[in-house]
>>> print(open('target-v2.txt').read())   # compact mmCIF, C-alpha atoms
# COMPACT_ATOMS: atom_id res chain seq x y z
CA MET A 1 149.75 30.49 -16.25
CA GLU A 2 150.57 28.05 -13.44
CA LEU A 3 149.01 28.72 -10.04
CA ASP A 4 148.54 25.87 -7.56
CA LEU A 5 145.43 27.10 -5.75
CA ALA A 6 144.94 23.80 -3.93
CA ASN A 7 148.40 24.15 -2.39
CA VAL A 8 147.70 27.77 -1.39
CA LEU A 9 144.49 26.60 0.31
CA ARG A 10 146.38 23.86 2.21
CA GLY A 11 148.87 26.45 3.46
CA GLU A 12 146.05 28.73 4.63
CA ARG A 13 144.36 25.88 6.50
CA ARG A 14 147.57 24.94 8.31
CA SER A 15 148.06 28.40 9.81
CA ALA A 16 145.94 30.32 12.29
CA GLU A 17 147.41 33.51 10.84
CA LEU A 18 146.91 34.92 7.36
CA GLN A 19 149.53 33.57 5.01
CA HIS A 20 151.21 36.18 2.86
CA LEU A 21 149.61 36.70 -0.55
CA GLU A 22 150.65 39.21 -3.18
CA GLY A 23 148.38 42.22 -3.63
CA ASP A 24 147.19 41.03 -7.06
CA PHE A 25 146.73 37.38 -6.06
CA TYR A 26 142.99 37.20 -6.84
CA ARG A 27 143.57 38.88 -10.20
CA LEU A 28 146.17 36.22 -11.03
CA ALA A 29 143.81 33.49 -9.84
CA GLY A 30 141.14 34.84 -12.17
CA LYS A 31 143.56 34.78 -15.09
CA HIS A 32 144.56 31.21 -14.21
CA ILE A 33 140.93 30.03 -14.27
CA ALA A 34 140.24 31.94 -17.50
CA SER A 35 143.29 30.29 -19.07
CA LEU A 36 141.97 26.82 -18.18
CA GLU A 37 138.57 27.71 -19.64
CA ARG A 38 140.21 28.80 -22.90
CA ASP A 39 142.27 25.60 -23.06
CA LEU A 40 139.11 23.57 -22.64
CA GLU A 41 137.28 25.49 -25.36
CA LYS A 42 140.11 24.88 -27.84
CA LEU A 43 139.75 21.10 -27.59
CA GLU A 44 137.71 19.45 -30.31
CA ASP A 45 136.96 16.35 -28.25
CA HIS A 46 135.45 17.39 -24.91
CA PHE A 47 135.28 13.73 -23.86
CA SER A 48 138.99 13.11 -24.28
CA VAL A 49 141.37 12.36 -21.41
CA GLU A 50 142.99 15.75 -21.88
CA ALA A 51 139.62 17.49 -21.60
CA GLN A 52 138.82 15.54 -18.44
CA ILE A 53 142.13 16.56 -16.88
CA ILE A 54 141.51 20.25 -17.63
CA GLU A 55 137.92 20.04 -16.37
CA ASP A 56 139.09 18.43 -13.12
CA GLU A 57 141.74 21.12 -12.65
CA LEU A 58 139.21 23.85 -13.44
CA LYS A 59 136.72 22.45 -10.94
CA SER A 60 139.43 22.06 -8.29
CA SER A 61 140.71 25.63 -8.85
CA ARG A 62 137.25 27.16 -8.53
CA LYS A 63 136.56 25.18 -5.36
CA SER A 64 139.94 26.06 -3.86
CA ILE A 65 139.64 29.81 -4.51
CA SER A 66 136.13 29.85 -3.03
CA LYS A 67 137.21 28.06 0.15
CA LEU A 68 140.39 30.13 0.39
CA MET A 69 138.40 33.35 0.14
CA ASP A 70 135.93 32.23 2.84
CA LEU A 71 138.72 31.16 5.18
CA ARG A 72 140.69 34.39 4.79
CA ILE A 73 137.57 36.54 5.21
CA LYS A 74 136.96 34.88 8.60
CA LYS A 75 140.54 35.56 9.67
CA ILE A 76 140.36 39.17 8.45
CA ALA A 77 137.05 39.78 10.25
CA LYS A 78 138.56 38.38 13.47
CA LYS A 79 141.57 40.69 13.18
CA ALA A 80 139.29 43.68 12.57
CA MET A 81 137.21 42.79 15.64
CA MET A 82 140.33 42.59 17.80
CA GLN A 83 141.60 45.92 16.47
CA ALA A 84 138.22 47.61 16.98
CA SER A 85 138.32 46.75 20.69
CA SER A 86 141.86 48.10 21.04
CA SER A 87 142.67 51.73 21.74
CA THR A 88 146.02 51.43 19.97
CA PRO A 89 146.01 52.46 16.28
CA ALA A 90 147.43 49.87 13.91
CA LYS A 91 147.96 49.53 10.18
CA PRO A 92 146.28 46.68 8.27
CA PRO A 93 148.03 43.30 8.78
CA ASP A 94 150.72 42.47 6.22
CA GLY A 95 150.19 39.90 3.50
CA MET A 96 146.67 40.84 2.44
CA THR A 97 145.56 41.32 -1.14
CA GLU A 98 144.32 44.70 -2.40
CA GLU A 99 140.70 43.56 -2.05
CA GLU A 100 141.30 42.22 1.46
CA VAL A 101 142.82 45.51 2.66
CA VAL A 102 139.61 47.28 1.59
CA LEU A 103 137.53 44.59 3.34
CA TYR A 104 139.57 44.90 6.56
CA GLN A 105 139.27 48.69 6.65
CA THR A 106 135.53 48.56 5.89
CA ILE A 107 134.85 46.05 8.69
CA LEU A 108 137.07 47.96 11.12
CA GLU A 109 135.37 51.29 10.40
CA ALA A 110 131.90 49.76 10.78
CA LEU A 111 132.83 48.05 14.07
CA THR A 112 134.48 51.20 15.43
CA ARG A 113 131.44 53.37 14.61
CA CYS A 114 129.12 50.81 16.17
CA ARG A 115 131.20 50.60 19.37
CA GLU A 116 131.38 54.39 19.61
CA ASN A 117 127.61 54.73 19.19
CA ILE A 118 126.90 52.10 21.84
CA LEU A 119 129.50 53.38 24.30
CA SER A 120 128.28 56.95 23.88
CA HIS A 121 124.96 55.86 25.40
CA LEU A 122 126.73 54.10 28.25
CA SER A 123 129.48 56.59 29.08
CA ARG A 124 127.93 60.04 28.71
CA PRO A 125 125.39 59.78 31.55
CA SER A 126 128.15 58.69 33.93
CA THR A 127 130.38 61.63 32.96
CA GLU A 128 127.54 64.08 33.56
CA ARG A 129 126.50 62.66 36.95
CA PRO A 130 127.84 64.65 39.95
CA LEU A 131 130.54 62.88 41.92
CA THR A 132 129.38 61.96 45.42
CA GLY A 133 131.82 61.86 48.29
CA LYS A 134 134.40 63.68 46.17
CA LYS A 135 135.80 67.18 46.14
CA ASP A 136 134.38 69.87 43.88
CA ILE A 137 134.15 68.34 40.39
CA ALA A 138 135.56 71.54 38.87
CA LYS A 139 138.84 70.88 40.71
CA GLU A 140 139.25 67.37 39.33
CA TYR A 141 137.59 67.63 35.91
CA ILE A 142 137.78 70.12 33.05
CA ALA A 143 135.04 70.80 30.50
CA VAL A 144 136.30 70.57 26.92
CA ARG A 145 134.89 70.72 23.42
CA LEU A 146 136.29 68.17 20.96
CA LEU A 147 137.79 69.46 17.71
CA GLU A 148 138.28 65.91 16.42
CA THR A 149 136.80 62.46 17.05
CA VAL A 150 138.86 60.47 19.55
CA PRO A 151 138.93 56.64 19.70
CA MET A 152 137.33 55.14 22.78
CA PHE A 153 139.61 55.07 25.85
CA VAL A 154 139.37 54.27 29.55
CA GLY A 155 140.04 57.29 31.75
CA VAL A 156 142.00 57.44 34.99
CA ASP A 157 138.61 57.44 36.71
CA GLY A 158 137.84 54.01 35.23
CA LYS A 159 135.14 55.32 32.89
CA ARG A 160 135.01 54.66 29.16
CA TYR A 161 135.00 57.73 26.95
CA ALA A 162 133.84 57.65 23.31
CA LEU A 163 134.29 61.22 22.13
CA ARG A 164 133.20 62.65 18.81
CA LYS A 165 133.91 65.99 17.18
CA ASP A 166 131.96 68.90 18.76
CA ASP A 167 131.11 66.91 21.92
CA VAL A 168 131.31 68.97 25.13
CA VAL A 169 132.27 66.76 28.08
CA MET A 170 133.80 66.81 31.53
CA LEU A 171 137.12 64.95 31.46
CA PRO A 172 139.69 64.20 34.17
CA LYS A 173 142.26 66.98 34.12
CA ILE A 174 145.08 64.77 32.83
CA HIS A 175 143.10 63.75 29.75
CA ALA A 176 141.63 67.19 29.14
CA ARG A 177 145.01 68.89 29.24
CA ASN A 178 146.56 66.19 27.07
CA LEU A 179 143.90 66.63 24.36
CA CYS A 180 144.13 70.42 24.54
CA SER A 181 147.93 70.34 24.22
CA LYS A 182 147.55 68.34 21.01
CA ASN A 183 144.90 70.75 19.65
CA ILE A 184 142.34 67.94 19.66
CA ALA A 185 140.13 69.78 22.16
CA VAL A 186 139.67 73.23 23.67
CA GLU A 187 138.78 74.05 27.25
CA VAL A 188 135.29 75.36 27.88
CA ARG A 189 135.23 78.02 30.57
CA MET A 190 132.33 77.49 32.95
CA ASN A 191 130.35 80.60 33.99
CA HIS A 192 129.91 80.18 37.72
CA GLU A 193 127.52 83.14 37.92
CA ASP A 194 125.14 81.29 35.60
CA ALA A 195 125.62 78.08 37.56
CA LYS A 196 124.27 79.65 40.78
CA GLY A 197 120.73 79.14 39.54
CA ASP A 198 117.63 80.58 41.13
>>> encode(input="target-v2.txt", output="structure tokens")
Amino acid sequence: MELDLANVLRGERRSAELQHLEGDFYRLAGKHIASLERDLEKLEDHFSVEAQIIEDELKSSRKSISKLMDLRIKKIAKKAMMQASSSTPAKPPDGMTEEEVVLYQTILEALTRCRENILSHLSRPSTERPLTGKKDIAKEYIAVRLLETVPMFVGVDGKRYALRKDDVVMLPKIHARNLCSKNIAVEVRMNHEDAKGD
């Protein structure tokens, strides 16, 4: 099985983007290395020129696949970080192997959860604070309960919202009505009699 791993590594180094690899690339690379190992074992004279050539190729292939994997992991992690900070959903980049797709999705999910957890601490107090110098908050905002988790977004009021399922929050009318129309949230009717207090 012929697979020029050194050439694949050179191509990866030349490009800032991920070069396209088939989904089973690492499986094929493993078979290529195993084939070289078998060829070496079959030789009676392990000090022959032929044995030295195979050993050199085996060593080069192992080194190339290790460096290739490290380089691509860095690129994949960078892409996941960029996607995690974006509010626009996107499918995994093309040209990744089966293992790399799983890695990308795992990193992206971890980064997204982390950002949501951090932003929830930063955004919720600001959404609950009364607006000063504004009209009645009830006229500009609507209380809703989330039926699904929503990716972080910046509202028309300039605030960041990281909303999770079952959260009850005050949202600008445009966002609240948009989420309700998509059955992602339901409006919570405020009881003004209870709000009068003492």
>>> closest_atom_pairs(input="target-v2.txt", of="segment 53-162 of chain A", to="segment 173-181 of chain A", cutoff="8 Å", atoms="all atoms listed in the file", output="JSON lines")
{"residue": "A:Glu140", "atom": "CA", "partner": "A:Lys173", "partner_atom": "CA", "distance": 6.0}
{"residue": "A:Tyr141", "atom": "CA", "partner": "A:Lys173", "partner_atom": "CA", "distance": 5.0}
{"residue": "A:Ile142", "atom": "CA", "partner": "A:Lys173", "partner_atom": "CA", "distance": 5.6}
{"residue": "A:Ala143", "atom": "CA", "partner": "A:Ala176", "partner_atom": "CA", "distance": 7.6}
{"residue": "A:Val144", "atom": "CA", "partner": "A:Ala176", "partner_atom": "CA", "distance": 6.7}
{"residue": "A:Gly155", "atom": "CA", "partner": "A:His175", "partner_atom": "CA", "distance": 7.4}
>>> residues_around(input="target-v2.txt", residues="Asp39 of chain A", least_positions_apart="5", cutoff="9 Å", atoms="all atoms listed in the file", output="VMD selection string")
chain A and resid 34 51 54
>>> closest_atom_pairs(input="target-v2.txt", of="segment 41-78 of chain A", to="segment 100-104 of chain A", cutoff="10 Å", atoms="all atoms listed in the file", output="tab-separated table")
residue	atom	partner	partner_atom	distance
A:Met69	CA	A:Glu100	CA	9.4
A:Arg72	CA	A:Glu100	CA	8.5
A:Ile73	CA	A:Glu100	CA	7.8
A:Lys75	CA	A:Tyr104	CA	9.9
A:Ile76	CA	A:Tyr104	CA	6.1
A:Ala77	CA	A:Tyr104	CA	6.8
A:Lys78	CA	A:Tyr104	CA	9.6
>>> atom_distance(input="target-v2.txt", atom1="atom CA of Leu146 of chain A", atom2="atom CA of Val169 of chain A")
8.3 Å
>>> residues_around(input="target-v2.txt", residues="segment 108-113 of chain A", least_positions_apart="4", cutoff="9 Å", atoms="only C-alpha atoms", output="number ranges by chain")
A: 77, 79-81, 83-85, 103-104, 117-118, 151-152
>>> closest_residue(input="target-v2.txt", among="A:Arg13, A:Lys182, A:His32, A:His20", to="Gly95 of chain A", atoms="only C-alpha atoms")
A:His20
>>> closest_residue(input="target-v2.txt", among="A:Glu99, A:Ala6, A:Asp56, A:Lys42", to="Phe25 of chain A", atoms="all atoms listed in the file")
A:Glu99
>>> atom_distance(input="target-v2.txt", atom1="atom CA of Thr106 of chain A", atom2="atom CA of Leu71 of chain A")
17.7 Å
>>> residues_around(input="target-v2.txt", residues="Gly30 of chain A", least_positions_apart="2", cutoff="12 Å", atoms="all atoms listed in the file", output="list in words")
Met1, Glu2, Leu3, Leu5, Asp24, Phe25, Tyr26, Arg27, Leu28, His32, Ile33, Ala34, Ser35, Leu36, Glu37, Leu58, Ser61, Arg62, Ile65 and Ser66 of chain A
>>> residues_around(input="target-v2.txt", residues="Asp157 of chain A", least_positions_apart="2", cutoff="10 Å", atoms="all atoms listed in the file", output="PyMOL selection string")
chain A and resi 127+154-155+159-160+171-172
